[in-house]
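*Asks:* Pasting input.tsv below, which is TSV, N, CA and C atoms.
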chain	number	residue	atom	x	y	z
A	1	MET	N	-100.17	-91.56	-51.71
A	1	MET	CA	-99.20	-91.96	-52.73
A	1	MET	C	-99.68	-93.26	-53.36
A	2	LYS	N	-99.64	-93.34	-54.67
A	2	LYS	CA	-100.04	-94.54	-55.39
A	2	LYS	C	-99.08	-95.68	-55.05
A	3	PRO	N	-99.58	-96.92	-54.94
A	3	PRO	CA	-98.69	-98.05	-54.63
A	3	PRO	C	-97.53	-98.18	-55.61
A	4	SER	N	-97.78	-97.97	-56.90
A	4	SER	CA	-96.70	-98.13	-57.87
A	4	SER	C	-95.64	-97.06	-57.70
A	5	LEU	N	-96.04	-95.85	-57.33
A	5	LEU	CA	-95.06	-94.79	-57.08
A	5	LEU	C	-94.25	-95.12	-55.84
A	6	GLY	N	-94.91	-95.66	-54.82
A	6	GLY	CA	-94.19	-96.07	-53.61
A	6	GLY	C	-93.17	-97.14	-53.91
A	7	LEU	N	-93.54	-98.11	-54.73
A	7	LEU	CA	-92.61	-99.17	-55.13
A	7	LEU	C	-91.45	-98.57	-55.91
A	8	ALA	N	-91.75	-97.67	-56.82
A	8	ALA	CA	-90.68	-97.05	-57.62
A	8	ALA	C	-89.71	-96.29	-56.73
A	9	LEU	N	-90.23	-95.57	-55.76
A	9	LEU	CA	-89.35	-94.83	-54.85
A	9	LEU	C	-88.51	-95.79	-54.01
A	10	ALA	N	-89.14	-96.86	-53.54
A	10	ALA	CA	-88.38	-97.85	-52.76
A	10	ALA	C	-87.29	-98.47	-53.61
A	11	LEU	N	-87.61	-98.79	-54.85
A	11	LEU	CA	-86.61	-99.37	-55.75
A	11	LEU	C	-85.47	-98.40	-56.01
A	12	ALA	N	-85.78	-97.13	-56.07
A	12	ALA	CA	-84.76	-96.13	-56.38
A	12	ALA	C	-83.76	-95.96	-55.25
A	13	PHE	N	-84.15	-96.30	-54.02
A	13	PHE	CA	-83.28	-96.04	-52.88
A	13	PHE	C	-82.69	-97.28	-52.23
A	14	VAL	N	-82.85	-98.44	-52.84
A	14	VAL	CA	-82.27	-99.65	-52.26
A	14	VAL	C	-80.76	-99.65	-52.47
A	15	ALA	N	-80.08	-100.40	-51.64
A	15	ALA	CA	-78.63	-100.51	-51.76
A	15	ALA	C	-78.26	-101.25	-53.04
A	16	THR	N	-77.02	-101.09	-53.46
A	16	THR	CA	-76.53	-101.78	-54.64
A	16	THR	C	-76.64	-103.28	-54.42
A	17	PRO	N	-77.18	-104.02	-55.38
A	17	PRO	CA	-77.34	-105.45	-55.19
A	17	PRO	C	-76.01	-106.19	-55.19
A	18	ALA	N	-75.99	-107.30	-54.50
A	18	ALA	CA	-74.80	-108.15	-54.50
A	18	ALA	C	-74.97	-109.14	-55.65
A	19	LEU	N	-74.65	-108.69	-56.83
A	19	LEU	CA	-74.80	-109.53	-58.01
A	19	LEU	C	-73.62	-110.47	-58.17
A	20	ALA	N	-73.88	-111.67	-58.66
A	20	ALA	CA	-72.80	-112.58	-58.99
A	20	ALA	C	-72.11	-112.05	-60.24
A	21	ALA	N	-70.80	-112.20	-60.29
A	21	ALA	CA	-70.05	-111.68	-61.44
A	21	ALA	C	-68.74	-112.44	-61.55
A	22	ASP	N	-68.04	-112.19	-62.66
A	22	ASP	CA	-66.73	-112.81	-62.83
A	22	ASP	C	-65.68	-112.05	-62.01
A	23	GLY	N	-64.44	-112.44	-62.13
A	23	GLY	CA	-63.36	-111.82	-61.37
A	23	GLY	C	-63.19	-110.34	-61.65
A	24	ASN	N	-63.70	-109.88	-62.79
A	24	ASN	CA	-63.61	-108.46	-63.14
A	24	ASN	C	-64.89	-107.70	-62.81
A	25	GLY	N	-65.81	-108.36	-62.11
A	25	GLY	CA	-67.06	-107.70	-61.73
A	25	GLY	C	-68.07	-107.58	-62.85
A	26	LYS	N	-67.91	-108.40	-63.89
A	26	LYS	CA	-68.82	-108.32	-65.04
A	26	LYS	C	-69.65	-109.60	-65.16
A	27	PHE	N	-70.81	-109.48	-65.79
A	27	PHE	CA	-71.66	-110.63	-66.08
A	27	PHE	C	-72.43	-110.35	-67.36
A	28	MET	N	-72.87	-111.39	-68.02
A	28	MET	CA	-73.56	-111.29	-69.29
A	28	MET	C	-75.05	-111.07	-69.06
A	29	MET	N	-75.60	-110.09	-69.73
A	29	MET	CA	-77.04	-109.85	-69.73
A	29	MET	C	-77.55	-110.29	-71.10
A	30	LYS	N	-78.61	-111.07	-71.11
A	30	LYS	CA	-79.13	-111.63	-72.37
A	30	LYS	C	-80.54	-111.14	-72.64
A	31	GLY	N	-80.92	-111.23	-73.90
A	31	GLY	CA	-82.28	-110.88	-74.30
A	31	GLY	C	-82.63	-109.45	-73.95
A	32	ILE	N	-83.89	-109.24	-73.58
A	32	ILE	CA	-84.30	-107.86	-73.28
A	32	ILE	C	-83.71	-107.35	-71.98
A	33	GLY	N	-83.13	-108.24	-71.18
A	33	GLY	CA	-82.45	-107.79	-69.96
A	33	GLY	C	-81.30	-106.85	-70.26
A	34	ALA	N	-80.74	-106.96	-71.45
A	34	ALA	CA	-79.63	-106.09	-71.85
A	34	ALA	C	-80.13	-104.75	-72.39
A	35	LYS	N	-81.41	-104.66	-72.69
A	35	LYS	CA	-81.98	-103.39	-73.14
A	35	LYS	C	-82.06	-102.44	-71.95
A	36	THR	N	-82.18	-101.16	-72.25
A	36	THR	CA	-82.24	-100.18	-71.16
A	36	THR	C	-83.69	-99.83	-70.82
A	37	CYS	N	-83.83	-99.18	-69.69
A	37	CYS	CA	-85.15	-98.68	-69.31
A	37	CYS	C	-85.69	-97.72	-70.37
A	38	GLN	N	-84.81	-96.94	-70.96
A	38	GLN	CA	-85.24	-96.02	-72.02
A	38	GLN	C	-85.82	-96.79	-73.20
A	39	ASP	N	-85.21	-97.94	-73.53
A	39	ASP	CA	-85.75	-98.77	-74.61
A	39	ASP	C	-87.18	-99.19	-74.29
A	40	LEU	N	-87.43	-99.56	-73.04
A	40	LEU	CA	-88.79	-99.94	-72.62
A	40	LEU	C	-89.74	-98.76	-72.77
A	41	LEU	N	-89.34	-97.62	-72.26
A	41	LEU	CA	-90.22	-96.45	-72.28
A	41	LEU	C	-90.52	-95.96	-73.68
A	42	ARG	N	-89.57	-96.12	-74.58
A	42	ARG	CA	-89.76	-95.67	-75.97
A	42	ARG	C	-90.31	-96.78	-76.88
A	43	GLY	N	-90.47	-97.99	-76.36
A	43	GLY	CA	-90.92	-99.10	-77.19
A	43	GLY	C	-89.88	-99.52	-78.20
A	44	ASN	N	-88.62	-99.34	-77.84
A	44	ASN	CA	-87.47	-99.64	-78.69
A	44	ASN	C	-87.09	-101.11	-78.57
A	45	GLY	N	-87.88	-101.99	-79.16
A	45	GLY	CA	-87.56	-103.41	-79.11
A	45	GLY	C	-87.99	-104.09	-77.82
A	46	VAL	N	-88.77	-103.40	-76.98
A	46	VAL	CA	-89.27	-103.99	-75.74
A	46	VAL	C	-90.72	-103.56	-75.55
A	47	THR	N	-91.61	-104.54	-75.50
A	47	THR	CA	-93.01	-104.25	-75.22
A	47	THR	C	-93.30	-104.61	-73.76
A	48	SER	N	-94.42	-104.14	-73.27
A	48	SER	CA	-94.78	-104.50	-71.89
A	48	SER	C	-95.03	-106.01	-71.78
A	49	GLU	N	-95.49	-106.62	-72.85
A	49	GLU	CA	-95.71	-108.07	-72.84
A	49	GLU	C	-94.36	-108.81	-72.74
A	50	GLN	N	-93.36	-108.33	-73.46
A	50	GLN	CA	-92.03	-108.94	-73.39
A	50	GLN	C	-91.43	-108.74	-72.00
A	51	LEU	N	-91.63	-107.56	-71.42
A	51	LEU	CA	-91.13	-107.31	-70.07
A	51	LEU	C	-91.79	-108.26	-69.09
A	52	ASP	N	-93.08	-108.47	-69.23
A	52	ASP	CA	-93.81	-109.39	-68.36
A	52	ASP	C	-93.23	-110.80	-68.43
A	53	VAL	N	-92.97	-111.29	-69.64
A	53	VAL	CA	-92.40	-112.62	-69.82
A	53	VAL	C	-90.99	-112.68	-69.24
A	54	PHE	N	-90.20	-111.65	-69.49
A	54	PHE	CA	-88.84	-111.59	-68.95
A	54	PHE	C	-88.86	-111.65	-67.42
A	55	LEU	N	-89.72	-110.84	-66.80
A	55	LEU	CA	-89.80	-110.81	-65.34
A	55	LEU	C	-90.33	-112.13	-64.78
A	56	ASP	N	-91.28	-112.75	-65.49
A	56	ASP	CA	-91.78	-114.07	-65.07
A	56	ASP	C	-90.62	-115.06	-64.96
A	57	GLY	N	-89.80	-115.11	-66.00
A	57	GLY	CA	-88.65	-116.02	-66.00
A	57	GLY	C	-87.63	-115.67	-64.94
A	58	PHE	N	-87.39	-114.37	-64.78
A	58	PHE	CA	-86.42	-113.88	-63.79
A	58	PHE	C	-86.84	-114.33	-62.39
A	59	VAL	N	-88.10	-114.09	-62.05
A	59	VAL	CA	-88.62	-114.45	-60.73
A	59	VAL	C	-88.67	-115.96	-60.55
A	60	THR	N	-89.13	-116.69	-61.58
A	60	THR	CA	-89.19	-118.15	-61.49
A	60	THR	C	-87.82	-118.74	-61.23
A	61	SER	N	-86.80	-118.24	-61.92
A	61	SER	CA	-85.45	-118.79	-61.72
A	61	SER	C	-84.97	-118.58	-60.29
A	62	LEU	N	-85.31	-117.44	-59.71
A	62	LEU	CA	-84.92	-117.21	-58.31
A	62	LEU	C	-85.75	-118.05	-57.35
A	63	ASN	N	-87.03	-118.26	-57.68
A	63	ASN	CA	-87.85	-119.15	-56.85
A	63	ASN	C	-87.25	-120.56	-56.83
A	64	ILE	N	-86.73	-121.00	-57.97
A	64	ILE	CA	-86.11	-122.33	-58.06
A	64	ILE	C	-84.80	-122.36	-57.28
A	65	GLU	N	-84.01	-121.34	-57.42
A	65	GLU	CA	-82.65	-121.32	-56.87
A	65	GLU	C	-82.61	-121.18	-55.36
A	66	ARG	N	-83.57	-120.47	-54.77
A	66	ARG	CA	-83.55	-120.20	-53.34
A	66	ARG	C	-84.24	-121.31	-52.55
A	67	ALA	N	-83.53	-121.95	-51.64
A	67	ALA	CA	-84.12	-123.02	-50.83
A	67	ALA	C	-85.14	-122.47	-49.84
A	68	ASP	N	-85.03	-121.21	-49.48
A	68	ASP	CA	-85.92	-120.61	-48.48
A	68	ASP	C	-87.04	-119.78	-49.11
A	69	THR	N	-87.38	-120.10	-50.35
A	69	THR	CA	-88.34	-119.27	-51.07
A	69	THR	C	-89.31	-120.12	-51.88
A	70	TYR	N	-90.60	-119.85	-51.68
A	70	TYR	CA	-91.63	-120.44	-52.52
A	70	TYR	C	-91.96	-119.47	-53.65
A	71	ASP	N	-92.16	-118.20	-53.31
A	71	ASP	CA	-92.49	-117.19	-54.32
A	71	ASP	C	-91.98	-115.83	-53.87
A	72	ILE	N	-91.05	-115.28	-54.63
A	72	ILE	CA	-90.49	-113.97	-54.28
A	72	ILE	C	-91.53	-112.87	-54.47
A	73	VAL	N	-92.30	-112.95	-55.55
A	73	VAL	CA	-93.32	-111.93	-55.82
A	73	VAL	C	-94.67	-112.62	-55.95
A	74	PRO	N	-95.50	-112.55	-54.91
A	74	PRO	CA	-96.82	-113.16	-54.99
A	74	PRO	C	-97.62	-112.62	-56.17
A	75	GLY	N	-98.43	-113.48	-56.78
A	75	GLY	CA	-99.19	-113.11	-57.97
A	75	GLY	C	-100.04	-111.86	-57.82
A	76	ALA	N	-100.61	-111.65	-56.65
A	76	ALA	CA	-101.45	-110.47	-56.43
A	76	ALA	C	-100.65	-109.18	-56.56
A	77	GLU	N	-99.34	-109.25	-56.39
A	77	GLU	CA	-98.49	-108.07	-56.48
A	77	GLU	C	-98.04	-107.77	-57.91
A	78	TRP	N	-98.31	-108.69	-58.84
A	78	TRP	CA	-97.74	-108.57	-60.18
A	78	TRP	C	-98.11	-107.26	-60.89
A	79	PRO	N	-99.36	-106.81	-60.85
A	79	PRO	CA	-99.66	-105.52	-61.51
A	79	PRO	C	-98.83	-104.37	-60.93
A	80	LYS	N	-98.58	-104.39	-59.62
A	80	LYS	CA	-97.75	-103.36	-59.00
A	80	LYS	C	-96.31	-103.46	-59.47
A	81	VAL	N	-95.83	-104.69	-59.70
A	81	VAL	CA	-94.47	-104.89	-60.20
A	81	VAL	C	-94.32	-104.22	-61.56
A	82	MET	N	-95.27	-104.48	-62.44
A	82	MET	CA	-95.20	-103.91	-63.79
A	82	MET	C	-95.27	-102.38	-63.75
A	83	GLU	N	-96.16	-101.83	-62.96
A	83	GLU	CA	-96.26	-100.38	-62.82
A	83	GLU	C	-95.00	-99.81	-62.18
A	84	GLY	N	-94.50	-100.51	-61.16
A	84	GLY	CA	-93.30	-100.05	-60.46
A	84	GLY	C	-92.07	-100.08	-61.36
A	85	MET	N	-91.95	-101.11	-62.18
A	85	MET	CA	-90.82	-101.17	-63.11
A	85	MET	C	-90.85	-100.00	-64.09
A	86	THR	N	-92.03	-99.68	-64.61
A	86	THR	CA	-92.15	-98.57	-65.55
A	86	THR	C	-91.83	-97.26	-64.85
A	87	ALA	N	-92.32	-97.08	-63.64
A	87	ALA	CA	-92.03	-95.85	-62.89
A	87	ALA	C	-90.53	-95.76	-62.56
A	88	TYR	N	-89.94	-96.88	-62.14
A	88	TYR	CA	-88.51	-96.91	-61.85
A	88	TYR	C	-87.71	-96.54	-63.09
A	89	CYS	N	-88.10	-97.10	-64.21
A	89	CYS	CA	-87.40	-96.82	-65.46
A	89	CYS	C	-87.51	-95.35	-65.85
A	90	GLY	N	-88.61	-94.71	-65.50
A	90	GLY	CA	-88.76	-93.29	-65.78
A	90	GLY	C	-87.71	-92.45	-65.10
A	91	ASN	N	-87.21	-92.94	-63.96
A	91	ASN	CA	-86.18	-92.22	-63.20
A	91	ASN	C	-84.78	-92.76	-63.41
A	92	ASN	N	-84.64	-93.85	-64.14
A	92	ASN	CA	-83.35	-94.51	-64.34
A	92	ASN	C	-83.23	-94.98	-65.78
A	93	ARG	N	-83.31	-94.08	-66.70
A	93	ARG	CA	-83.43	-94.41	-68.12
A	93	ARG	C	-82.26	-95.19	-68.70
A	94	GLU	N	-81.08	-95.04	-68.18
A	94	GLU	CA	-79.90	-95.73	-68.73
A	94	GLU	C	-79.68	-97.11	-68.10
A	95	GLU	N	-80.43	-97.44	-67.08
A	95	GLU	CA	-80.28	-98.71	-66.36
A	95	GLU	C	-80.70	-99.87	-67.27
A	96	PRO	N	-79.89	-100.94	-67.36
A	96	PRO	CA	-80.34	-102.14	-68.09
A	96	PRO	C	-81.55	-102.75	-67.37
A	97	LEU	N	-82.45	-103.34	-68.14
A	97	LEU	CA	-83.64	-103.94	-67.55
A	97	LEU	C	-83.30	-105.06	-66.57
A	98	ALA	N	-82.20	-105.77	-66.81
A	98	ALA	CA	-81.80	-106.84	-65.87
A	98	ALA	C	-81.49	-106.25	-64.50
A	99	ILE	N	-80.85	-105.09	-64.46
A	99	ILE	CA	-80.54	-104.46	-63.17
A	99	ILE	C	-81.81	-103.89	-62.54
A	100	ALA	N	-82.68	-103.31	-63.35
A	100	ALA	CA	-83.97	-102.82	-62.84
A	100	ALA	C	-84.76	-103.98	-62.23
A	101	ALA	N	-84.73	-105.14	-62.87
A	101	ALA	CA	-85.41	-106.32	-62.34
A	101	ALA	C	-84.79	-106.76	-61.02
A	102	TRP	N	-83.48	-106.68	-60.93
A	102	TRP	CA	-82.79	-107.05	-59.68
A	102	TRP	C	-83.19	-106.11	-58.55
A	103	ARG	N	-83.31	-104.84	-58.85
A	103	ARG	CA	-83.76	-103.87	-57.84
A	103	ARG	C	-85.17	-104.22	-57.36
A	104	MET	N	-86.02	-104.65	-58.28
A	104	MET	CA	-87.36	-105.07	-57.90
A	104	MET	C	-87.29	-106.28	-56.97
A	105	ILE	N	-86.41	-107.22	-57.27
A	105	ILE	CA	-86.24	-108.40	-56.42
A	105	ILE	C	-85.77	-107.99	-55.02
A	106	GLU	N	-84.84	-107.06	-54.96
A	106	GLU	CA	-84.37	-106.59	-53.65
A	106	GLU	C	-85.52	-106.04	-52.81
A	107	TYR	N	-86.43	-105.34	-53.46
A	107	TYR	CA	-87.57	-104.79	-52.75
A	107	TYR	C	-88.48	-105.90	-52.23
A	108	TYR	N	-88.78	-106.88	-53.06
A	108	TYR	CA	-89.75	-107.92	-52.70
A	108	TYR	C	-89.17	-109.05	-51.86
A	109	PHE	N	-87.88	-109.28	-51.91
A	109	PHE	CA	-87.31	-110.45	-51.24
A	109	PHE	C	-87.67	-110.55	-49.76
A	110	PRO	N	-87.57	-109.47	-48.98
A	110	PRO	CA	-87.96	-109.60	-47.57
A	110	PRO	C	-89.44	-109.93	-47.37
A	111	ARG	N	-90.26	-109.70	-48.37
A	111	ARG	CA	-91.70	-109.92	-48.30
A	111	ARG	C	-92.12	-111.24	-48.94
A	112	ARG	N	-91.15	-112.05	-49.36
A	112	ARG	CA	-91.43	-113.26	-50.11
A	112	ARG	C	-92.23	-114.27	-49.28
A	113	ILE	N	-92.88	-115.18	-49.99
A	113	ILE	CA	-93.56	-116.30	-49.36
A	113	ILE	C	-92.52	-117.41	-49.24
A	114	LYS	N	-92.26	-117.86	-48.02
A	114	LYS	CA	-91.17	-118.80	-47.80
A	114	LYS	C	-91.58	-120.25	-48.00
A	115	GLN	N	-92.86	-120.56	-47.78
A	115	GLN	CA	-93.30	-121.96	-47.92
A	115	GLN	C	-94.57	-122.05	-48.74
A	116	SER	N	-94.72	-123.15	-49.43
A	116	SER	CA	-95.92	-123.41	-50.21
A	116	SER	C	-97.13	-123.43	-49.29
A	117	PRO	N	-98.26	-122.89	-49.72
A	117	PRO	CA	-99.46	-122.99	-48.90
A	117	PRO	C	-99.93	-124.43	-48.77
A	118	ASN	N	-99.45	-125.32	-49.66
A	118	ASN	CA	-99.83	-126.73	-49.64
A	118	ASN	C	-98.68	-127.59	-49.11
A	119	LYS	N	-98.17	-127.26	-47.95
A	119	LYS	CA	-97.01	-127.93	-47.35
A	119	LYS	C	-97.06	-129.38	-47.56
How does the structure come out when it is put into structure tokens?
*Replies:*
Amino acid sequence: MKPSLGLALALAFVATPALAADGNGKFMMKGIGAKTCQDLLRGNGVTSEQLDVFLDGFVTSLNIERADTYDIVPGAEWPKVMEGMTAYCGNNREEPLAIAAWRMIEYYFPRRIKQSPNK
């Protein structure tokens, strides 16, 4: 099985994320995060370059926010992330990209690097 297919399958079967939300269970998705996986697959206002920048920011913000995290997604894994996101989107076309990104984070979080190599 290709690594990206394995990642896509793992992403497809993870539990529902514990997302922060308001009292009604809603939260605002901005930018391309509000676009759907179908938009990505069809090139409907989302390029792979834009997805890469969006995911960079998404991961960086979590790296900053988590006290127990140096890097949620190590750089060597990045090509697999991009392939996995596209494969995941192929099976979840109506999913907003922000939720697809969260599913990716759920997959990688247990594998994160907890401390800087330059302690």
*Asks:* Edge lengths and centre in Å to one decimal, as AutoDock Vina command-line options, is what I'm after for the box along x, y and z that holds all listed atoms of region 100-114 of chain A once 5 Å is added on each side.
*Replies:*
--center_x -88.1 --center_y -111.5 --center_z -55.4 --size_x 20.9 --size_y 27.4 --size_z 26.0
*Asks:* When distances are computed from only N, CA and C atoms, which of A:Met29, A:Ile99, A:Met85, A:Ile113 shows the smallest separation from Tyr70 (chain A)?
*Replies:*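 Closest candidate: A:Ile113.
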*Asks:* Which is closest to Pro74 (chain A) among A:Val46, A:Met28, A:Thr60, A:Ala87, if we use only C-alpha atoms?
*Replies:*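 Nearest candidate to Pro74 (chain A) out of A:Val46, A:Met28, A:Thr60, A:Ala87: A:Thr60.
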*Asks:* May I have the residues within 5 Å of Gly33 (chain A) as a PyMOL selection string, using only N, CA and C atoms and disregarding those fewer than 3 positions away in the same chain?
*Replies:* chain A and resi 30+97-98
*Asks:* Record the distance separating CA of Arg42 (chain A) and CA of Tyr107 (chain A), expressed in Å with one decimal.
*Replies:*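 Going from CA of Arg42 (chain A) over to CA of Tyr107 (chain A), I get 25.0 Å.
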*Asks:* How far is it from atom N of Arg103 (chain A) to atom C of Gly45 (chain A), in Å with one decimal?
*Replies:*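 Atom-to-atom, atom N of Arg103 (chain A) and atom C of Gly45 (chain A) are spaced 19.6 Å apart.
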*Asks:* Would you compute the distance between CA of Ile72 (chain A) and CA of Phe58 (chain A)? Give it in Å to one decimal.
*Replies:*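 Going from CA of Ile72 (chain A) over to CA of Phe58 (chain A) covers 10.3 Å.
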*Asks:* Please extract the residues of region 21-74 of chain A with a backbone DSSP assignment of helix (DSSP H, G or I) and present them as a PyMOL selection string.
*Replies:* chain A and resi 31-34+37-42+48-65
*Asks:* So which one's closest to Met82 (chain A), A:Leu41, A:Ile32, A:Leu62, A:Leu51? Using only N, CA and C atoms, please.
*Replies:*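 Among A:Leu41, A:Ile32, A:Leu62, A:Leu51, it is A:Leu51 that comes nearest to Met82 (chain A).
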*Asks:* Rank nothing, just name the residue among A:Asp56, A:Glu83, A:Glu95, A:Glu77 nearest to Thr36 (chain A), using only C-alpha atoms.
*Replies:*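 Of the candidates, the smallest distance to Thr36 (chain A) is held by A:Glu95.
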*Asks:* Let me make sure I understand: among A:Arg93, A:Thr69, A:Ala100, A:Thr86, which one has the smallest atom-to-atom distance to Gln115 (chain A) if we use only N, CA and C atoms?
*Replies:*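 Under the stated criterion, the closest residue is A:Thr69.
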*Asks:* Taking (-87.9, -110.8, -56.7) in the coordinates of the supplied file, I want to know which residues reach to within 6 Å of it, counting only N, CA and C atoms; could you give the answer as a compact mmCIF listing (two decimals) with N, CA and C atoms, keeping the file's coordinate frame?
*Replies:*
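Wrote out-v6.txt, looks like this:
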# COMPACT_ATOMS: atom_id res chain seq x y z
N VAL A 59 -88.10 -114.09 -62.05
CA VAL A 59 -88.62 -114.45 -60.73
C VAL A 59 -88.67 -115.96 -60.55
N ILE A 72 -91.05 -115.28 -54.63
CA ILE A 72 -90.49 -113.97 -54.28
C ILE A 72 -91.53 -112.87 -54.47
N VAL A 73 -92.30 -112.95 -55.55
CA VAL A 73 -93.32 -111.93 -55.82
C VAL A 73 -94.67 -112.62 -55.95
N MET A 104 -86.02 -104.65 -58.28
CA MET A 104 -87.36 -105.07 -57.90
C MET A 104 -87.29 -106.28 -56.97
N ILE A 105 -86.41 -107.22 -57.27
CA ILE A 105 -86.24 -108.40 -56.42
C ILE A 105 -85.77 -107.99 -55.02
N GLU A 106 -84.84 -107.06 -54.96
CA GLU A 106 -84.37 -106.59 -53.65
C GLU A 106 -85.52 -106.04 -52.81
N TYR A 108 -88.78 -106.88 -53.06
CA TYR A 108 -89.75 -107.92 -52.70
C TYR A 108 -89.17 -109.05 -51.86
N PHE A 109 -87.88 -109.28 -51.91
CA PHE A 109 -87.31 -110.45 -51.24
C PHE A 109 -87.67 -110.55 -49.76
